[in-house]
$ cat structure_39.csv   # CSV, N, CA and C atoms
chain,number,residue,atom,x,y,z
A,203,MET,N,0.9,-1.2,0.0
A,203,MET,CA,0.0,0.0,0.0
A,203,MET,C,0.9,1.2,0.0
A,204,THR,N,0.6,2.2,-0.9
A,204,THR,CA,1.4,3.4,-1.0
A,204,THR,C,0.8,4.5,-0.1
A,205,GLN,N,1.6,5.2,0.7
A,205,GLN,CA,1.2,6.3,1.5
A,205,GLN,C,1.4,7.6,0.7
A,206,THR,N,0.5,8.5,0.7
A,206,THR,CA,0.7,9.8,0.1
A,206,THR,C,1.0,10.8,1.2
A,207,GLN,N,1.9,11.7,0.9
A,207,GLN,CA,2.3,12.8,1.8
A,207,GLN,C,1.2,13.9,1.7
A,208,GLU,N,0.7,14.3,2.8
A,208,GLU,CA,-0.3,15.4,2.8
A,208,GLU,C,0.5,16.7,2.8
A,209,LYS,N,0.0,17.7,2.1
A,209,LYS,CA,0.7,19.0,2.2
A,209,LYS,C,0.4,19.6,3.6
A,210,PRO,N,1.5,20.2,4.2
A,210,PRO,CA,1.3,20.7,5.6
A,210,PRO,C,0.5,22.0,5.5
A,211,PRO,N,-0.2,22.4,6.5
A,211,PRO,CA,-0.9,23.7,6.5
A,211,PRO,C,0.1,24.8,6.3
A,212,THR,N,-0.3,25.8,5.4
A,212,THR,CA,0.6,26.9,5.0
A,212,THR,C,-0.1,28.2,5.1
A,213,VAL,N,0.7,29.3,5.1
A,213,VAL,CA,0.2,30.6,5.1
A,213,VAL,C,0.9,31.3,3.9
A,214,LEU,N,0.1,32.3,3.3
A,214,LEU,CA,0.7,33.0,2.2
A,214,LEU,C,1.1,34.5,2.6
A,215,GLY,N,2.1,35.0,2.0
A,215,GLY,CA,2.5,36.4,2.3
A,215,GLY,C,3.3,36.9,1.1
A,216,HIS,N,3.5,38.2,1.1
A,216,HIS,CA,4.3,38.9,0.1
A,216,HIS,C,5.8,38.6,0.4
A,217,GLY,N,6.5,38.2,-0.7
A,217,GLY,CA,7.9,37.9,-0.5
A,217,GLY,C,8.8,39.1,-1.1
A,218,ASP,N,10.0,39.0,-0.8
A,218,ASP,CA,11.0,40.1,-1.3
A,218,ASP,C,11.1,39.8,-2.9
A,219,LEU,N,11.2,40.9,-3.6
A,219,LEU,CA,11.4,40.9,-5.0
A,219,LEU,C,12.9,40.7,-5.3
A,220,PRO,N,13.3,39.8,-6.2
A,220,PRO,CA,14.7,39.6,-6.5
A,220,PRO,C,15.3,40.7,-7.3
A,221,TYR,N,14.4,41.4,-8.0
A,221,TYR,CA,14.7,42.6,-8.9
A,221,TYR,C,13.6,43.6,-8.6
A,222,PRO,N,13.9,44.9,-9.0
A,222,PRO,CA,12.9,45.9,-8.8
A,222,PRO,C,11.6,45.6,-9.5
A,223,LYS,N,10.4,46.0,-9.0
A,223,LYS,CA,9.1,45.9,-9.6
A,223,LYS,C,9.2,46.5,-11.0
A,224,GLY,N,8.7,45.8,-12.0
A,224,GLY,CA,8.7,46.3,-13.4
A,224,GLY,C,9.9,45.9,-14.2
A,225,THR,N,10.9,45.2,-13.6
A,225,THR,CA,12.0,44.7,-14.3
A,225,THR,C,11.5,43.6,-15.3
A,226,LEU,N,12.0,43.7,-16.5
A,226,LEU,CA,11.7,42.7,-17.6
A,226,LEU,C,12.4,41.4,-17.3
A,227,VAL,N,11.6,40.4,-17.0
A,227,VAL,CA,12.2,39.1,-16.7
A,227,VAL,C,11.7,38.0,-17.7
A,228,GLU,N,12.4,36.9,-17.7
A,228,GLU,CA,12.1,35.8,-18.5
A,228,GLU,C,11.8,34.5,-17.7
A,229,ASP,N,10.8,33.8,-18.1
A,229,ASP,CA,10.5,32.4,-17.5
A,229,ASP,C,11.4,31.5,-18.3
A,230,THR,N,12.5,30.9,-17.6
A,230,THR,CA,13.4,30.1,-18.4
A,230,THR,C,12.9,28.8,-18.9
A,231,GLU,N,11.7,28.4,-18.4
A,231,GLU,CA,11.1,27.1,-19.0
A,231,GLU,C,10.3,27.4,-20.2
A,232,THR,N,9.5,28.5,-20.2
A,232,THR,CA,8.6,28.8,-21.3
A,232,THR,C,9.2,29.8,-22.3
A,233,GLY,N,10.2,30.6,-21.8
A,233,GLY,CA,10.7,31.7,-22.7
A,233,GLY,C,9.9,32.9,-22.7
A,234,CYS,N,8.7,32.9,-22.0
A,234,CYS,CA,7.9,34.1,-21.9
A,234,CYS,C,8.6,35.2,-21.1
A,235,THR,N,8.4,36.5,-21.6
A,235,THR,CA,9.0,37.6,-20.9
A,235,THR,C,7.9,38.5,-20.5
A,236,GLY,N,8.1,39.2,-19.4
A,236,GLY,CA,7.1,40.1,-18.8
A,236,GLY,C,7.8,40.9,-17.7
A,237,GLU,N,7.0,41.9,-17.2
A,237,GLU,CA,7.5,42.8,-16.2
A,237,GLU,C,7.1,42.2,-14.8
A,238,LEU,N,8.1,42.0,-13.9
A,238,LEU,CA,7.9,41.5,-12.6
A,238,LEU,C,6.9,42.4,-11.8
A,239,GLN,N,5.9,41.7,-11.3
A,239,GLN,CA,4.9,42.5,-10.5
A,239,GLN,C,5.0,42.2,-9.0
A,240,GLY,N,5.3,41.0,-8.6
A,240,GLY,CA,5.3,40.6,-7.2
A,240,GLY,C,5.7,39.2,-7.0
A,241,VAL,N,5.9,38.9,-5.7
A,241,VAL,CA,6.3,37.5,-5.3
A,241,VAL,C,5.4,37.1,-4.1
A,242,ILE,N,4.8,35.9,-4.2
A,242,ILE,CA,4.1,35.4,-3.1
A,242,ILE,C,4.8,34.2,-2.5
A,243,GLU,N,5.0,34.2,-1.2
A,243,GLU,CA,5.7,33.1,-0.5
A,243,GLU,C,4.7,32.3,0.2
A,244,GLU,N,4.9,31.0,0.2
A,244,GLU,CA,4.0,30.1,1.0
A,244,GLU,C,4.9,29.5,2.1
A,245,ARG,N,4.5,29.6,3.3
A,245,ARG,CA,5.4,29.2,4.5
A,245,ARG,C,4.5,28.2,5.3
A,246,VAL,N,5.2,27.2,5.9
A,246,VAL,CA,4.6,26.2,6.7
A,246,VAL,C,4.1,26.9,8.0
A,247,LYS,N,2.8,26.7,8.3
A,247,LYS,CA,2.2,27.3,9.4
A,247,LYS,C,2.9,26.8,10.7
A,248,GLY,N,3.2,27.7,11.6
A,248,GLY,CA,3.8,27.3,12.9
A,248,GLY,C,5.3,27.4,12.8
A,249,THR,N,6.0,26.9,11.8
A,249,THR,CA,7.4,26.9,11.8
A,249,THR,C,8.0,28.0,11.0
A,250,GLY,N,7.2,28.5,10.0
A,250,GLY,CA,7.6,29.6,9.1
A,250,GLY,C,8.6,29.1,8.0
A,251,LYS,N,8.8,27.8,7.9
A,251,LYS,CA,9.7,27.3,6.9
A,251,LYS,C,9.2,27.5,5.5
A,252,LEU,N,10.1,28.0,4.6
A,252,LEU,CA,9.7,28.4,3.3
A,252,LEU,C,9.2,27.1,2.5
A,253,PHE,N,8.0,27.1,1.9
A,253,PHE,CA,7.5,26.0,1.2
A,253,PHE,C,7.6,26.2,-0.3
A,254,SER,N,7.2,27.4,-0.7
A,254,SER,CA,7.3,27.8,-2.2
A,254,SER,C,7.3,29.3,-2.4
A,255,GLN,N,7.9,29.7,-3.5
A,255,GLN,CA,7.9,31.1,-3.9
A,255,GLN,C,7.4,31.2,-5.4
A,256,THR,N,6.4,32.1,-5.6
A,256,THR,CA,5.8,32.2,-6.9
A,256,THR,C,6.0,33.7,-7.4
A,257,ALA,N,6.5,33.9,-8.6
A,257,ALA,CA,6.6,35.2,-9.2
A,257,ALA,C,5.4,35.5,-10.0
A,258,TYR,N,5.0,36.7,-10.1
A,258,TYR,CA,3.9,37.1,-10.9
A,258,TYR,C,4.4,38.2,-11.9
A,259,MET,N,4.1,37.9,-13.2
A,259,MET,CA,4.6,38.8,-14.3
A,259,MET,C,3.4,39.3,-15.1
A,260,ARG,N,3.6,40.4,-15.8
A,260,ARG,CA,2.6,40.9,-16.7
A,260,ARG,C,3.3,41.3,-18.0
A,261,PRO,N,2.7,41.0,-19.2
A,261,PRO,CA,3.4,41.3,-20.5
A,261,PRO,C,3.7,42.8,-20.5
A,262,LYS,N,4.8,43.2,-21.1
A,262,LYS,CA,5.2,44.6,-21.3
A,262,LYS,C,4.1,45.3,-22.1
A,263,GLY,N,3.6,46.4,-21.5
A,263,GLY,CA,2.6,47.1,-22.2
A,263,GLY,C,1.2,46.8,-21.7
A,264,GLY,N,1.1,45.8,-20.8
A,264,GLY,CA,-0.2,45.4,-20.3
A,264,GLY,C,-0.7,44.0,-20.7
A,265,GLY,N,-1.7,43.5,-20.1
A,265,GLY,CA,-2.2,42.2,-20.4
A,265,GLY,C,-2.4,41.4,-19.2
A,266,LEU,N,-2.7,40.1,-19.4
A,266,LEU,CA,-3.0,39.2,-18.3
A,266,LEU,C,-1.7,38.8,-17.6
A,267,GLU,N,-1.8,38.9,-16.2
A,267,GLU,CA,-0.7,38.4,-15.4
A,267,GLU,C,-0.6,36.9,-15.5
A,268,TRP,N,0.6,36.3,-15.3
A,268,TRP,CA,0.8,34.9,-15.2
A,268,TRP,C,1.8,34.7,-14.1
A,269,GLU,N,1.9,33.4,-13.7
A,269,GLU,CA,2.8,33.1,-12.6
A,269,GLU,C,3.7,32.0,-13.0
A,270,ALA,N,4.8,31.9,-12.2
A,270,ALA,CA,5.8,30.9,-12.4
A,270,ALA,C,6.6,30.7,-11.1
A,271,PRO,N,7.2,29.6,-10.9
A,271,PRO,CA,8.0,29.4,-9.7
A,271,PRO,C,9.2,30.5,-9.8
A,272,LEU,N,9.5,31.1,-8.7
A,272,LEU,CA,10.5,32.1,-8.6
A,272,LEU,C,11.9,31.6,-9.1
A,273,ASP,N,12.2,30.4,-8.9
A,273,ASP,CA,13.5,29.9,-9.3
A,273,ASP,C,13.7,29.7,-10.8
A,274,ARG,N,12.6,29.9,-11.6
A,274,ARG,CA,12.6,29.9,-13.1
A,274,ARG,C,12.8,31.3,-13.7
A,275,ILE,N,12.8,32.3,-12.9
A,275,ILE,CA,12.8,33.7,-13.3
A,275,ILE,C,14.2,34.3,-13.3
A,276,ARG,N,14.5,35.0,-14.4
A,276,ARG,CA,15.8,35.7,-14.5
A,276,ARG,C,15.6,36.9,-15.3
A,277,PRO,N,16.5,37.9,-15.2
A,277,PRO,CA,16.4,39.1,-16.0
A,277,PRO,C,16.4,38.7,-17.5
A,278,ALA,N,15.5,39.4,-18.3
A,278,ALA,CA,15.4,39.1,-19.7
A,278,ALA,C,16.6,39.7,-20.4
A,279,ASP,N,17.0,39.2,-21.6
A,279,ASP,CA,18.0,39.7,-22.5
A,279,ASP,C,17.6,41.1,-22.9
A,280,LYS,N,18.4,42.0,-22.8
A,280,LYS,CA,18.1,43.4,-23.2
A,280,LYS,C,17.6,43.5,-24.6
A,281,ASN,N,18.0,42.6,-25.5
A,281,ASN,CA,17.5,42.6,-26.9
A,281,ASN,C,16.1,42.0,-27.1
A,282,GLY,N,15.6,41.3,-26.1
A,282,GLY,CA,14.4,40.5,-26.3
A,282,GLY,C,13.2,41.2,-25.7
$ encode --input "structure_39.csv" --output "structure tokens"
Amino acid sequence: MTQTQEKPPTVLGHGDLPYPKGTLVEDTETGCTGELQGVIEERVKGTGKLFSQTAYMRPKGGGLEWEAPLDRIRPADKNG
């Protein structure tokens, strides 16, 4: 019989931006570029241990925001 790990109870909060808000960044997995809008951190309730970090981007010039794990985000090539 296989046991499944349950996700621990977590809380959400704003995280520190790795670059200034509005910086053009690239999602290294999809190649999509957009302006960094914010970071949400998920921490284990009680211990405060970091569980996940999600970056939120918006296409340059406006449009629908999308999200990606923070570790996939890097500054975009100045030519792109």
$ residues_around --input "structure_39.csv" --residues "Pro261 of chain A" --least-positions-apart "5" --cutoff "7 Å" --atoms "only C-alpha atoms" --output "ChimeraX atom specification"
/A:235-237
$ atom_distance --input "structure_39.csv" --atom1 "atom N of Gly233 of chain A" --atom2 "atom C of Gly264 of chain A"
17.3 Å
$ closest_residue --input "structure_39.csv" --among "A:Glu228, A:Asp218, A:Asp279, A:Asp273" --to "Ser254 of chain A" --atoms "only C-alpha atoms"
A:Asp273
$ atom_distance --input "structure_39.csv" --atom1 "atom C of Gln207 of chain A" --atom2 "atom C of Gly240 of chain A"
27.1 Å
$ atom_distance --input "structure_39.csv" --atom1 "atom CA of Glu267 of chain A" --atom2 "atom CA of Gln239 of chain A"
8.5 Å
